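Listing of final.txt; format and content: compact mmCIF, C-alpha atoms and all ligand atoms.
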# COMPACT_ATOMS: atom_id res chain seq x y z
CA MET A 190 85.42 106.27 139.32
CA ASN A 191 86.74 108.40 136.50
CA ARG A 192 83.53 109.81 135.10
CA THR A 193 85.26 112.07 132.60
CA ALA A 194 87.02 109.16 130.90
CA ARG A 195 83.76 107.26 130.59
CA ILE A 196 81.98 110.15 129.01
CA MET A 197 84.80 111.08 126.66
CA LEU A 198 85.32 107.60 125.22
CA PRO A 199 83.82 107.85 121.74
CA LEU A 200 82.02 104.81 120.44
CA VAL A 201 83.48 105.12 116.99
CA LEU A 202 87.02 104.54 118.31
CA VAL A 203 86.69 100.93 117.21
CA GLN A 204 86.89 102.15 113.64
CA SER A 205 90.02 104.21 114.03
CA PRO A 206 92.56 101.37 113.52
CA LEU A 207 91.23 101.07 109.96
CA LEU A 208 91.74 104.71 109.09
CA ALA A 209 94.85 105.84 107.26
CA GLN A 210 97.92 105.72 109.42
CA ASP A 211 101.55 105.58 108.43
CA CYS A 212 101.49 104.62 104.78
CA THR A 213 105.18 104.75 104.12
CA ARG A 214 107.35 101.65 104.20
CA GLY A 215 107.84 100.65 107.80
CA GLY A 216 104.24 101.35 108.72
CA LEU A 217 102.44 99.10 106.25
CA TYR A 218 101.39 96.42 108.74
CA GLY A 219 101.03 96.05 112.48
CA PRO A 220 101.21 92.74 114.37
CA ASP A 221 99.45 89.82 112.66
CA LEU A 222 96.10 88.39 113.74
CA ARG A 223 95.55 84.62 114.05
CA PHE A 224 92.45 82.58 113.24
CA THR A 225 91.97 78.87 113.88
CA VAL A 226 91.57 76.46 110.92
CA GLY A 227 91.65 72.68 110.37
CA GLU A 228 94.65 70.50 111.27
CA SER A 229 97.93 70.99 109.33
CA PRO A 230 96.95 73.65 106.78
CA THR A 231 98.64 73.41 103.38
CA GLN A 232 97.22 76.21 101.24
CA VAL A 233 95.26 79.44 101.70
CA GLY A 234 93.23 81.17 98.98
CA ALA A 235 91.25 84.43 98.90
CA GLU A 236 87.87 84.94 97.22
CA ASP A 237 84.51 86.49 98.07
CA VAL A 238 82.72 83.19 98.64
CA ASP A 239 79.43 84.67 99.92
CA LEU A 240 79.35 87.57 97.42
CA ASP A 241 78.88 90.22 100.13
CA GLY A 242 81.65 92.44 98.74
CA ASP A 243 84.57 91.43 100.97
CA ILE A 244 87.30 88.87 100.40
CA ASP A 245 87.01 85.65 102.41
CA LEU A 246 89.61 82.95 103.04
CA VAL A 247 89.60 79.24 102.21
CA VAL A 248 92.21 76.98 103.79
CA VAL A 249 92.83 73.34 102.85
CA THR A 250 94.56 71.04 105.31
CA GLU A 251 96.53 67.79 105.31
CA SER A 252 94.89 66.03 108.23
CA GLY A 253 91.83 68.03 109.20
CA ALA A 254 89.02 69.72 107.36
CA LEU A 255 88.86 72.31 104.63
CA SER A 256 88.01 75.60 106.39
CA VAL A 257 85.96 78.51 105.04
CA LEU A 258 86.47 81.78 106.93
CA LEU A 259 84.15 84.73 106.30
CA ASN A 260 85.38 88.33 106.46
CA ASP A 261 83.49 90.98 108.46
CA ALA A 262 84.83 93.55 105.93
CA THR A 263 87.52 94.80 108.32
CA GLY A 264 89.85 91.80 107.94
CA LEU A 265 88.54 89.86 110.95
CA PHE A 266 87.54 86.30 110.07
CA GLU A 267 85.10 83.77 111.45
CA LEU A 268 84.97 80.06 110.63
CA ALA A 269 81.74 79.53 108.68
CA SER A 270 82.09 76.03 107.31
CA SER A 271 84.30 72.92 107.55
CA ILE A 272 84.37 70.17 104.94
CA GLY A 273 85.98 66.76 105.49
CA VAL A 274 88.42 66.80 102.58
CA ARG A 275 92.16 66.42 103.14
CA SER A 276 93.93 68.32 100.45
CA SER A 277 97.34 69.45 99.23
CA GLY A 278 96.00 72.10 96.87
CA PHE A 279 92.90 73.73 95.44
CA VAL A 280 91.65 76.35 93.00
CA PHE A 281 88.48 78.40 92.82
CA GLU A 282 86.07 77.89 89.94
CA SER A 283 84.57 81.35 89.47
CA ASN A 284 82.56 81.10 86.26
CA THR A 285 79.70 79.15 87.82
CA GLY A 286 76.05 79.45 86.90
CA SER A 287 75.09 81.00 90.25
CA GLY A 288 78.07 83.40 90.28
CA TYR A 289 79.15 81.94 93.63
CA PRO A 290 82.66 80.48 93.33
CA ASN A 291 83.08 76.72 93.72
CA ILE A 292 86.19 74.94 95.01
CA LEU A 293 88.14 72.26 93.15
CA ALA A 294 90.36 70.47 95.66
CA TRP A 295 92.88 67.65 95.27
CA ASP A 296 91.92 64.96 97.78
CA THR A 297 95.24 63.53 98.98
CA GLU A 298 93.58 60.62 100.80
CA PHE A 299 91.82 59.17 97.77
CA GLY A 300 93.86 60.67 94.90
CA ALA A 301 90.85 62.39 93.36
CA LEU A 302 89.70 65.82 92.28
CA VAL A 303 86.69 66.91 94.32
CA THR A 304 84.24 69.57 93.17
CA LEU A 305 82.69 71.43 96.10
CA GLU A 306 79.65 73.42 95.10
CA ASN A 307 79.06 76.77 96.77
CA LEU A 308 75.66 76.91 98.49
CA PHE A 309 76.15 80.34 100.09
CA GLU A 310 73.22 81.73 98.14
CA PHE A 311 71.06 79.69 100.54
CA LEU A 312 73.26 78.13 103.27
CA PRO A 313 76.76 78.92 104.58
CA GLU A 314 78.21 75.70 103.17
CA PHE A 315 80.00 73.94 100.36
CA VAL A 316 78.84 70.46 99.36
CA GLU A 317 80.68 67.79 97.40
CA VAL A 318 78.93 67.23 94.06
CA SER A 319 81.46 65.16 92.14
CA ARG A 320 84.84 63.49 92.31
CA ARG A 321 87.09 62.32 89.52
CA SER A 322 89.96 59.87 89.78
CA PHE A 323 93.33 60.23 88.07
CA PRO A 324 96.14 57.74 87.56
CA PHE A 325 98.65 59.64 89.66
CA ALA A 326 99.23 60.03 93.37
CA GLY A 327 100.58 63.16 94.92
CA PRO A 328 101.65 65.46 96.20
CA VAL A 329 99.90 67.62 93.69
CA SER A 330 99.62 71.36 93.25
CA LEU A 331 96.66 72.54 91.24
CA HIS A 332 96.31 75.45 88.76
CA ARG A 333 93.56 76.66 86.49
CA ALA A 334 93.49 78.98 83.46
CA GLU A 335 92.40 78.95 79.86
CA LEU A 336 95.12 77.27 77.79
CA THR A 337 93.19 76.94 74.54
CA THR A 338 90.77 79.35 72.89
CA ASP A 339 87.58 77.45 73.75
CA GLU A 340 86.66 79.75 76.66
CA PHE A 341 87.07 76.85 79.06
CA GLU A 342 89.54 76.97 81.91
CA ASP A 343 91.86 73.98 81.79
CA LEU A 344 93.35 72.32 84.87
CA VAL A 345 97.06 71.78 85.39
CA PHE A 346 98.21 69.25 88.00
CA VAL A 347 101.86 69.45 89.05
CA VAL A 348 102.66 65.86 90.09
CA LYS A 349 105.86 65.79 92.06
CA ASP A 350 106.24 62.03 92.20
CA GLU A 351 106.01 61.66 88.41
CA ASN A 352 108.23 64.56 87.30
CA ALA A 353 105.39 65.77 85.13
CA VAL A 354 102.45 68.08 84.75
CA TYR A 355 99.08 66.71 83.71
CA VAL A 356 96.81 68.99 81.71
CA GLU A 357 93.09 68.31 81.62
CA ASP A 358 90.95 69.80 78.85
CA LYS A 359 87.27 70.61 78.36
CA THR A 360 86.41 67.03 77.43
CA GLY A 361 87.88 65.58 80.65
CA LEU A 362 90.83 64.03 78.83
CA TYR A 363 94.29 64.65 80.17
CA GLU A 364 97.84 64.30 79.01
CA SER A 365 101.16 64.46 80.81
CA PHE A 366 104.21 66.52 79.90
CA ALA A 367 107.68 65.96 81.34
CA THR A 368 109.30 68.47 83.71
CA GLY A 369 112.53 68.46 85.75
CA VAL A 370 112.92 66.40 88.91
CA ASP A 371 110.41 66.94 91.75
CA PRO A 372 108.24 69.71 90.28
CA VAL A 373 106.52 71.61 93.08
CA ASP A 374 104.63 74.56 91.60
CA ALA A 375 103.57 76.13 88.29
CA THR A 376 102.51 79.48 86.88
CA LEU A 377 100.36 79.81 83.75
CA ALA A 378 101.35 82.84 81.66
CA ASP A 379 102.13 83.78 78.06
CA MET A 380 105.93 83.56 77.82
CA ASP A 381 106.45 83.92 74.04
CA GLY A 382 103.87 86.62 73.28
CA ASP A 383 101.70 84.50 70.96
CA GLY A 384 98.57 85.15 73.04
CA GLN A 385 98.37 81.61 74.48
CA ARG A 386 99.25 80.89 78.09
CA ASP A 387 102.27 78.67 78.62
CA VAL A 388 103.14 76.52 81.64
CA VAL A 389 106.24 77.32 83.71
CA VAL A 390 107.20 74.85 86.44
CA ALA A 391 109.63 75.11 89.38
CA ASN A 392 111.61 71.88 89.89
CA ALA A 393 112.90 71.30 93.45
CA GLY A 394 115.12 68.34 92.59
CA THR A 395 117.03 69.89 89.69
CA SER A 396 116.87 73.51 90.98
CA ASP A 397 115.64 74.83 87.66
CA VAL A 398 112.47 75.81 85.84
CA SER A 399 110.75 74.14 82.89
CA VAL A 400 109.06 76.32 80.27
CA LEU A 401 106.42 74.43 78.28
CA LEU A 402 105.38 76.56 75.33
CA ASN A 403 101.75 76.21 74.33
CA ARG A 404 101.26 75.02 70.74
CA SER A 405 97.53 74.33 70.88
CA LYS A 406 95.73 74.68 67.55
CA PRO A 407 93.65 77.81 66.97
CA PHE A 408 90.07 77.14 68.19
CA GLY A 409 91.20 73.69 69.40
CA VAL A 410 90.12 72.14 72.69
CA ILE A 411 93.21 69.95 73.29
CA PRO A 412 96.12 71.77 74.96
CA MET A 413 99.44 70.85 73.30
CA PHE A 414 102.94 71.81 74.38
CA GLU A 415 106.46 71.77 73.02
CA PRO A 416 108.95 69.69 74.98
CA GLN A 417 110.21 71.60 78.00
CA LEU A 418 112.96 74.20 77.90
CA ARG A 419 115.01 74.17 81.10
CA PHE A 420 116.66 77.15 82.76
CA GLY A 421 118.91 76.98 85.83
CA LEU A 422 118.28 79.21 88.81
CA PHE A 423 121.60 79.14 90.73
CA GLY A 424 119.35 79.25 93.80
CA ASP A 425 118.88 75.94 95.65
CA THR A 426 115.71 73.84 95.93
CA PRO A 427 112.83 75.88 94.57
CA SER A 428 109.56 75.85 96.49
CA ALA A 429 107.23 78.11 94.50
CA ILE A 430 106.99 80.23 91.34
CA ALA A 431 105.17 83.38 90.16
CA SER A 432 105.12 85.42 86.95
CA ALA A 433 104.67 89.04 85.81
CA ASP A 434 106.54 91.67 83.80
CA LEU A 435 109.22 92.75 86.28
CA ASP A 436 111.40 94.97 84.06
CA ASN A 437 108.60 96.77 82.18
CA ASP A 438 109.69 95.60 78.72
CA GLY A 439 106.32 94.01 77.90
CA ASP A 440 107.10 90.32 78.38
CA THR A 441 106.43 88.00 81.31
CA ASP A 442 109.28 87.36 83.73
CA ILE A 443 109.60 84.73 86.47
CA VAL A 444 110.37 84.73 90.16
CA VAL A 445 111.16 81.54 92.10
CA SER A 446 111.55 81.13 95.88
CA ASN A 447 114.51 78.92 96.84
CA ARG A 448 114.00 76.99 100.05
CA ALA A 449 117.61 75.93 100.65
CA SER A 450 119.46 79.09 99.59
CA ASN A 451 117.08 81.46 101.43
CA ASP A 452 116.55 83.71 98.44
CA VAL A 453 114.47 84.31 95.33
CA SER A 454 115.68 84.06 91.73
CA VAL A 455 114.44 86.63 89.22
CA LEU A 456 114.59 85.34 85.62
CA LEU A 457 114.05 87.81 82.79
CA ASN A 458 112.38 86.84 79.53
CA ASP A 459 113.98 87.71 76.17
CA GLY A 460 110.47 87.86 74.70
CA SER A 461 110.44 84.37 73.21
CA GLY A 462 110.20 82.40 76.45
CA PHE A 463 113.96 82.14 76.96
CA LEU A 464 114.95 83.19 80.45
CA ILE A 465 118.27 84.94 80.05
CA ALA A 466 119.23 87.17 82.96
CA LYS A 467 119.27 85.89 86.50
CA LYS A 468 119.43 87.82 89.74
CA ARG A 469 118.97 86.64 93.29
CA PHE A 470 117.70 88.53 96.31
CA GLY A 471 117.92 87.31 99.91
CA VAL A 472 114.76 86.71 101.98
CA GLY A 473 114.09 84.98 105.33
CA ASP A 474 114.99 81.33 106.06
CA GLY A 475 113.41 78.56 104.04
CA PRO A 476 111.01 80.47 101.79
CA ALA A 477 108.12 78.13 100.98
CA ASP A 478 105.91 80.36 98.84
CA VAL A 479 106.20 83.49 96.69
CA VAL A 480 103.64 86.00 95.37
CA LEU A 481 103.93 89.17 93.27
CA ALA A 482 101.82 92.22 94.18
CA ASP A 483 102.24 95.98 94.55
CA ILE A 484 102.16 96.16 98.33
CA ASP A 485 103.21 99.82 98.80
CA ARG A 486 101.14 101.05 95.85
CA ASP A 487 104.05 102.76 94.07
CA THR A 488 102.95 101.01 90.80
CA HIS A 489 105.96 98.63 90.91
CA LEU A 490 105.38 94.96 91.70
CA ASP A 491 106.91 93.70 94.92
CA ILE A 492 107.95 90.14 95.86
CA ILE A 493 106.37 88.61 98.97
CA THR A 494 107.66 85.35 100.48
CA ALA A 495 106.41 83.10 103.31
CA ASN A 496 109.53 81.96 105.16
CA GLN A 497 108.94 78.58 106.75
CA GLY A 498 112.30 78.49 108.54
CA SER A 499 112.30 81.93 110.15
CA GLY A 500 108.53 82.12 110.67
CA ASP A 501 108.00 85.43 108.93
CA ILE A 502 107.03 87.24 105.74
CA THR A 503 109.54 89.14 103.59
CA ILE A 504 108.52 91.94 101.23
CA LEU A 505 111.12 92.87 98.61
CA PHE A 506 110.14 96.24 97.16
CA GLY A 507 110.46 96.48 93.39
CA SER A 508 111.72 99.52 91.52
CA GLY A 509 110.25 98.56 88.15
CA ASP A 510 113.56 97.55 86.59
CA ALA A 511 113.79 94.02 88.06
CA ARG A 512 115.72 95.27 91.09
CA PHE A 513 114.41 94.47 94.57
CA ASP A 514 116.95 96.07 96.87
CA ALA A 515 114.77 97.33 99.75
CA SER A 516 113.06 94.81 102.01
CA GLU A 517 110.98 94.52 105.15
CA THR A 518 110.05 91.60 107.38
CA PHE A 519 106.76 91.02 109.16
CA ASN A 520 105.57 88.47 111.73
CA ALA A 521 103.60 85.39 110.78
CA SER A 522 102.51 82.28 112.62
CA ALA A 523 105.20 79.57 113.00
CA SER A 524 106.53 77.97 109.78
CA PRO A 525 104.32 79.67 107.19
CA ARG A 526 103.85 77.38 104.16
CA THR A 527 101.76 79.35 101.70
CA LEU A 528 100.45 82.88 101.44
CA VAL A 529 97.98 84.97 99.52
CA VAL A 530 97.79 88.74 98.95
CA ALA A 531 94.34 90.38 98.69
CA THR A 532 92.28 93.31 99.95
CA LEU A 533 91.37 91.93 103.36
CA ALA A 534 90.03 95.14 104.92
CA SER A 535 87.63 97.11 102.74
CA GLY A 536 89.02 100.41 101.49
CA MET A 537 92.54 99.57 102.59
CA GLY A 538 95.66 98.43 100.72
CA PRO A 539 96.62 94.78 100.13
CA GLY A 540 96.66 92.43 103.11
CA ILE A 541 98.64 89.19 103.48
CA ALA A 542 97.28 85.87 104.78
CA SER A 543 99.53 82.86 105.40
CA VAL A 544 99.00 79.41 106.89
CA SER A 545 101.22 77.92 109.55
CA GLY A 546 102.98 74.60 109.06
CA GLU A 547 103.16 74.14 112.82
CA TYR A 548 99.93 75.48 114.28
CA ASP A 549 96.39 75.09 112.98
CA GLU A 550 95.92 78.72 112.15
CA VAL A 551 95.96 81.36 109.47
CA SER A 552 97.91 84.55 110.13
CA VAL A 553 96.54 87.81 108.74
CA LEU A 554 98.44 91.06 108.18
CA ARG A 555 95.92 93.86 107.64
CA SER A 556 97.10 96.89 105.72
CA ARG A 557 97.17 100.10 107.74
CA CYS A 558 97.10 102.21 104.57
CA ALA A 559 94.00 103.54 102.89
CA ASP A 560 93.86 102.44 99.26
CA GLU A 561 94.76 105.63 97.46
CA SER A 562 92.75 104.59 94.44
CA LEU A 563 89.71 105.07 96.66
CA CYS A 564 88.36 108.39 97.91
CA ARG A 565 90.32 109.19 101.06
CA PRO A 566 88.02 111.70 102.78
CA ASP A 567 85.14 109.20 102.48
CA LEU A 568 85.99 107.99 105.95
CA ASN A 569 83.12 105.56 106.39
CA ALA A 570 83.67 104.26 102.83
CA ASP A 571 79.99 104.42 101.90
CA GLY A 572 80.64 106.18 98.57
CA ASN A 573 79.31 109.57 99.72
CA LEU A 574 81.07 112.61 101.14
CA ASP A 575 78.69 113.87 103.74
CA PHE A 576 78.00 114.93 107.29
CA PHE A 577 78.70 111.42 108.59
CA ASP A 578 82.32 111.50 107.40
CA LEU A 579 82.86 114.84 109.10
CA THR A 580 81.30 113.50 112.31
CA LEU A 581 83.54 110.44 112.17
CA LEU A 582 86.62 112.65 111.79
CA LEU A 583 85.72 114.76 114.82
CA GLN A 584 84.51 111.92 117.03
CA SER A 585 87.44 109.59 116.46
CA ASN A 586 90.13 112.29 116.28
CA VAL A 587 91.56 110.97 113.03
CA ASP A 588 95.19 111.91 112.54
CA TYR A 589 94.54 112.86 108.94
CA ASP A 590 97.91 114.41 108.12
CA GLY A 591 99.83 111.55 109.77
CA ASN A 592 101.89 113.59 112.23
CA THR A 593 100.59 111.52 115.19
CA VAL A 594 98.48 114.30 116.76
CA PHE A 595 94.93 115.40 116.05
CA ASP A 596 94.74 119.16 115.73
CA PHE A 597 93.59 122.09 113.63
CA PHE A 598 95.82 120.99 110.75
CA ASP A 599 94.04 117.65 110.40
CA LEU A 600 90.73 119.46 110.23
CA SER A 601 92.06 121.95 107.72
CA MET A 602 93.59 119.28 105.47
CA TYR A 603 90.45 117.18 105.71
CA LEU A 604 88.14 120.05 104.82
CA GLY A 605 90.35 120.92 101.85
CA GLU A 606 90.05 117.39 100.44
CA PHE A 607 86.39 117.13 101.44
CA LEU A 608 85.50 120.33 99.56
CA ALA A 609 87.60 119.29 96.54
CA GLY A 610 85.37 116.22 96.32
CA CYS A 611 86.11 112.74 95.06
CA PRO A 612 86.57 111.49 91.53
CA CA B 701 82.71 87.85 101.59
CA CA B 702 102.47 81.51 74.61
CA CA B 703 109.80 91.47 81.15
CA CA B 704 105.57 98.35 94.95
How does this structure look as structure tokens?
Amino acid sequence: MNRTARIMLPLVLVQSPLLAQDCTRGGLYGPDLRFTVGESPTQVGAEDVDLDGDIDLVVVTESGALSVLLNDATGLFELASSIGVRSSGFVFESNTGSGYPNILAWDTEFGALVTLENLFEFLPEFVEVSRRSFPFAGPVSLHRAELTTDEFEDLVFVVKDENAVYVEDKTGLYESFATGVDPVDATLADMDGDGQRDVVVANAGTSDVSVLLNRSKPFGVIPMFEPQLRFGLFGDTPSAIASADLDNDGDTDIVVSNRASNDVSVLLNDGSGFLIAKKRFGVGDGPADVVLADIDRDTHLDIITANQGSGDITILFGSGDARFDASETFNASASPRTLVVATLASGMGPGIASVSGEYDEVSVLRSRCADESLCRPDLNADGNLDFFDLTLLLQSNVDYDGNTVFDFFDLSMYLGEFLAGCP
């Protein structure tokens, strides 16, 4: 028996994978972790459903149950609740009386919108409290944001089979607005700078986007839109859409993932909602979803796609001028359909969760980089710089300067930052 090894093994080693490692591109993520969910997952969302300070995951599925997975704060998830709703899309309703976020899910079986109330204040469950019927079938993707100035978040249903979006207002009334052929996804953002969110839709059938400019009356409750403006993508068969200012000129630009041309289209806004410049950047095969987030924390937004064909995740790193020339690819479960970017391990940079179109699982990429906006020498992330952080450094041999060995220089660098204090 090797007694020395037994004695030397420090208990706190389990924490070391979460400490800062290689935070340059190339070292952002290790292999993905997989967690079981209901059958045929369609969408994953991230929210702190039990209000314990870490971000949890909710997955809706086509043929199984809606799955709620709770985070242990390090990015490891455990199934806490399953609800028998088959769904193609959902949104969180955060402004609830209790503060605990509810779920609004489109029930594909019965063509209804189901409100699932969050009971986590008392029990680890969601319970169905209402369902509303609509005159359309699906598939439907669901979005939620305030479109009028009544401080009520309106619902937008993208209804592929009707070539339309339906917008529901505070009073429960809804109206449809025409899009291109086979709309698949929408983003709600102010495109013409008038302070009201507009609706921008990706159309798979016509390979273009529809911009519906919001012309709701001041202080009105009924969302009203101008007829759509259409802009071609040159990419083929859009699957998803996202929006943000990508060239730092103050207006909202658009990115669309193109399933058949294996790329993303970047469309730049002229400030009035007209999308004038178009660039395309290659990603993996069959991108099915796209998200914008600053993954490497260089202050420039990056493009992240879930590639259903090649079974991986592409990150296109932005340079702040609408160019995305550098890229990296990371593993995911087979045929990822949708993804979400969020802080999945406390104190660390953004993580990526995606759901498989082939297996009943969610794949999680945990960031290996400490979030630089947080206090780095606070190793146990308890908000204090104290003896316990120093103990953790010594016991777990933290490679603080990132040169792969633990030595005097790590200690010296750590003490320097420790004594300088945290903001
Ligand atoms: Ca939580
Ligand atoms: Ca607007
Ligand atoms: Ca812009
Ligand atoms: Ca970035």
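Interatomic distance, CA of Ser556 in chain A against CA of Asp575 in chain A: 25.1 Å.
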Within 12 Å of ligand CA 702 (chain B) (counting all atoms listed in the file), which residues show up? I'd like them as a CSV table (one decimal) with C-alpha atoms, keeping the file's coordinate frame.
chain,number,residue,atom,x,y,z
A,335,GLU,CA,92.4,79.0,79.9
A,336,LEU,CA,95.1,77.3,77.8
A,337,THR,CA,93.2,76.9,74.5
A,377,LEU,CA,100.4,79.8,83.8
A,378,ALA,CA,101.4,82.8,81.7
A,379,ASP,CA,102.1,83.8,78.1
A,380,MET,CA,105.9,83.6,77.8
A,381,ASP,CA,106.4,83.9,74.0
A,382,GLY,CA,103.9,86.6,73.3
A,383,ASP,CA,101.7,84.5,71.0
A,384,GLY,CA,98.6,85.2,73.0
A,385,GLN,CA,98.4,81.6,74.5
A,386,ARG,CA,99.2,80.9,78.1
A,387,ASP,CA,102.3,78.7,78.6
A,388,VAL,CA,103.1,76.5,81.6
A,389,VAL,CA,106.2,77.3,83.7
A,400,VAL,CA,109.1,76.3,80.3
A,401,LEU,CA,106.4,74.4,78.3
A,402,LEU,CA,105.4,76.6,75.3
A,403,ASN,CA,101.8,76.2,74.3
A,404,ARG,CA,101.3,75.0,70.7
A,405,SER,CA,97.5,74.3,70.9
A,406,LYS,CA,95.7,74.7,67.6
A,412,PRO,CA,96.1,71.8,75.0
A,413,MET,CA,99.4,70.8,73.3
A,414,PHE,CA,102.9,71.8,74.4
A,415,GLU,CA,106.5,71.8,73.0
A,440,ASP,CA,107.1,90.3,78.4
A,441,THR,CA,106.4,88.0,81.3
A,460,GLY,CA,110.5,87.9,74.7
A,461,SER,CA,110.4,84.4,73.2
A,462,GLY,CA,110.2,82.4,76.4
A,463,PHE,CA,114.0,82.1,77.0
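We find CA of Leu418 in chain A and CA of Val345 in chain A to be spaced 17.7 Å apart.
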Kindly assemble as a tab-separated table a list of the chain A residues that lie within 12 Å of ligand CA 701 (chain B), each paired with its nearest atom pair and their distance in Å to one decimal, using all atoms listed in the file, sorted first by chain and then by ascending residue number.
residue	atom	partner	partner_atom	distance
A:Ala235	CA	B:CA701	CA	9.6
A:Glu236	CA	B:CA701	CA	7.4
A:Asp237	CA	B:CA701	CA	4.2
A:Val238	CA	B:CA701	CA	5.5
A:Asp239	CA	B:CA701	CA	4.9
A:Leu240	CA	B:CA701	CA	5.4
A:Asp241	CA	B:CA701	CA	4.7
A:Gly242	CA	B:CA701	CA	5.5
A:Asp243	CA	B:CA701	CA	4.1
A:Ile244	CA	B:CA701	CA	4.9
A:Asp245	CA	B:CA701	CA	4.9
A:Leu246	CA	B:CA701	CA	8.6
A:Val247	CA	B:CA701	CA	11.0
A:Val257	CA	B:CA701	CA	10.5
A:Leu258	CA	B:CA701	CA	8.9
A:Leu259	CA	B:CA701	CA	5.8
A:Asn260	CA	B:CA701	CA	5.6
A:Asp261	CA	B:CA701	CA	7.6
A:Ala262	CA	B:CA701	CA	7.5
A:Thr263	CA	B:CA701	CA	10.8
A:Gly264	CA	B:CA701	CA	10.3
A:Leu265	CA	B:CA701	CA	11.2
A:Phe266	CA	B:CA701	CA	9.9
A:Glu267	CA	B:CA701	CA	10.9
A:Ala269	CA	B:CA701	CA	11.0
A:Tyr289	CA	B:CA701	CA	10.5
A:Pro290	CA	B:CA701	CA	11.1
A:Phe309	CA	B:CA701	CA	10.1
A:Glu310	CA	B:CA701	CA	11.8
A:Pro313	CA	B:CA701	CA	11.1
A:Thr532	CA	B:CA701	CA	11.1
A:Leu533	CA	B:CA701	CA	9.7
A:Ala534	CA	B:CA701	CA	10.9
A:Ser535	CA	B:CA701	CA	10.5
Enumerate, in order of chain and increasing residue number, the residues of chain A with an atom no farther than 9 Å from ligand CA 704 (chain B), each with its shortest atom pair and distance in Å to one decimal, counting all atoms listed in the file, as JSON lines.
{"residue": "A:Ala482", "atom": "CA", "partner": "B:CA704", "partner_atom": "CA", "distance": 7.2}
{"residue": "A:Asp483", "atom": "CA", "partner": "B:CA704", "partner_atom": "CA", "distance": 4.1}
{"residue": "A:Ile484", "atom": "CA", "partner": "B:CA704", "partner_atom": "CA", "distance": 5.3}
{"residue": "A:Asp485", "atom": "CA", "partner": "B:CA704", "partner_atom": "CA", "distance": 4.7}
{"residue": "A:Arg486", "atom": "CA", "partner": "B:CA704", "partner_atom": "CA", "distance": 5.3}
{"residue": "A:Asp487", "atom": "CA", "partner": "B:CA704", "partner_atom": "CA", "distance": 4.7}
{"residue": "A:Thr488", "atom": "CA", "partner": "B:CA704", "partner_atom": "CA", "distance": 5.6}
{"residue": "A:His489", "atom": "CA", "partner": "B:CA704", "partner_atom": "CA", "distance": 4.1}
{"residue": "A:Leu490", "atom": "CA", "partner": "B:CA704", "partner_atom": "CA", "distance": 4.7}
{"residue": "A:Asp491", "atom": "CA", "partner": "B:CA704", "partner_atom": "CA", "distance": 4.8}
{"residue": "A:Ile492", "atom": "CA", "partner": "B:CA704", "partner_atom": "CA", "distance": 8.6}
{"residue": "A:Leu505", "atom": "CA", "partner": "B:CA704", "partner_atom": "CA", "distance": 8.6}
{"residue": "A:Phe506", "atom": "CA", "partner": "B:CA704", "partner_atom": "CA", "distance": 5.5}
{"residue": "A:Gly507", "atom": "CA", "partner": "B:CA704", "partner_atom": "CA", "distance": 5.5}
{"residue": "A:Ser508", "atom": "CA", "partner": "B:CA704", "partner_atom": "CA", "distance": 7.1}
{"residue": "A:Gly509", "atom": "CA", "partner": "B:CA704", "partner_atom": "CA", "distance": 8.3}
### Query
Using all atoms listed in the file, what are the residues with an atom within 6 Å of ligand CA 703 (chain B), set out as a ChimeraX atom specification?
/A:434-442,457-458
### Message
Taking only C-alpha atoms into account, name the residue in A:Phe513, A:Phe279, A:Trp295, A:Tyr548 that is nearest to Phe325 in chain A.
### Response
A:Trp295
### Message
Using all atoms listed in the file, which protein or nucleic acid residues come within 12 Å of Thr285 in chain A? Drop anything in the same chain fewer than 3 positions from it, and give the result as a ChimeraX atom specification.
### Response
/A:238,281-282,288-292,304-308,341-342
If we count all atoms listed in the file, what is near Ala449 in chain A at a cut-off of 8 Å, once residues fewer than 3 positions away on the same chain are taken out, given as a tab-separated table (two decimals) with C-alpha atoms, keeping the file's coordinate frame?
chain	number	residue	atom	x	y	z
A	424	GLY	CA	119.35	79.25	93.80
A	425	ASP	CA	118.88	75.94	95.65
A	426	THR	CA	115.71	73.84	95.93
A	427	PRO	CA	112.83	75.88	94.57
A	475	GLY	CA	113.41	78.56	104.04
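The closest residue to Thr297 in chain A, picked from A:Glu251, A:Glu517, A:Asp474, A:Glu351 and counting only C-alpha atoms, is A:Glu251.
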### Task
Mind giving me the straight-line distance from CA of Phe607 in chain A to CA of Asn569 in chain A in Å, one decimal?
13.0 Å
### Residues within 12 Å of Ser552 in chain A, all atoms listed in the file, excluding chain neighbours under 6 positions, as a VMD selection string
chain A and resid 220 to 226 230 233 246 248 264 to 266 495 500 to 502 519 to 530 533 540 to 546
### Task
Within 7 Å of Glu357 in chain A, counting all atoms listed in the file, which residues show up once you throw out same-chain ones fewer than 5 positions away? Write them as a ChimeraX atom specification, please.
/A:343-345,362-364
### Task
Would you mind listing what lies within 6 Å of Ser330 in chain A as number ranges by chain, with all atoms listed in the file counted and same-chain residues fewer than 4 positions away left out?
A: 278, 346-347
### Query
Between A:Val551, A:Ser432, A:Gly421, A:Ser450, which one has atoms that come closest to Ala466 in chain A, using only C-alpha atoms?
A:Gly421
### Query
Got a sec to check which residues sit within 10 Å of (109.5, 84.3, 91.0), counting all atoms listed in the file, and write them as a PyMOL selection string?
chain A and resi 376+391+427+429-433+435+442-447+453-456+478-481+492-494
### Nearby residues, (113.9, 74.5, 85.4) file frame, 7 Å, all atoms listed in the file, as a list in words
Gly369, Val390, Ala391, Asn392, Ser396, Asp397, Val398, Ser399, Arg419, Phe420 and Gly421 of chain A
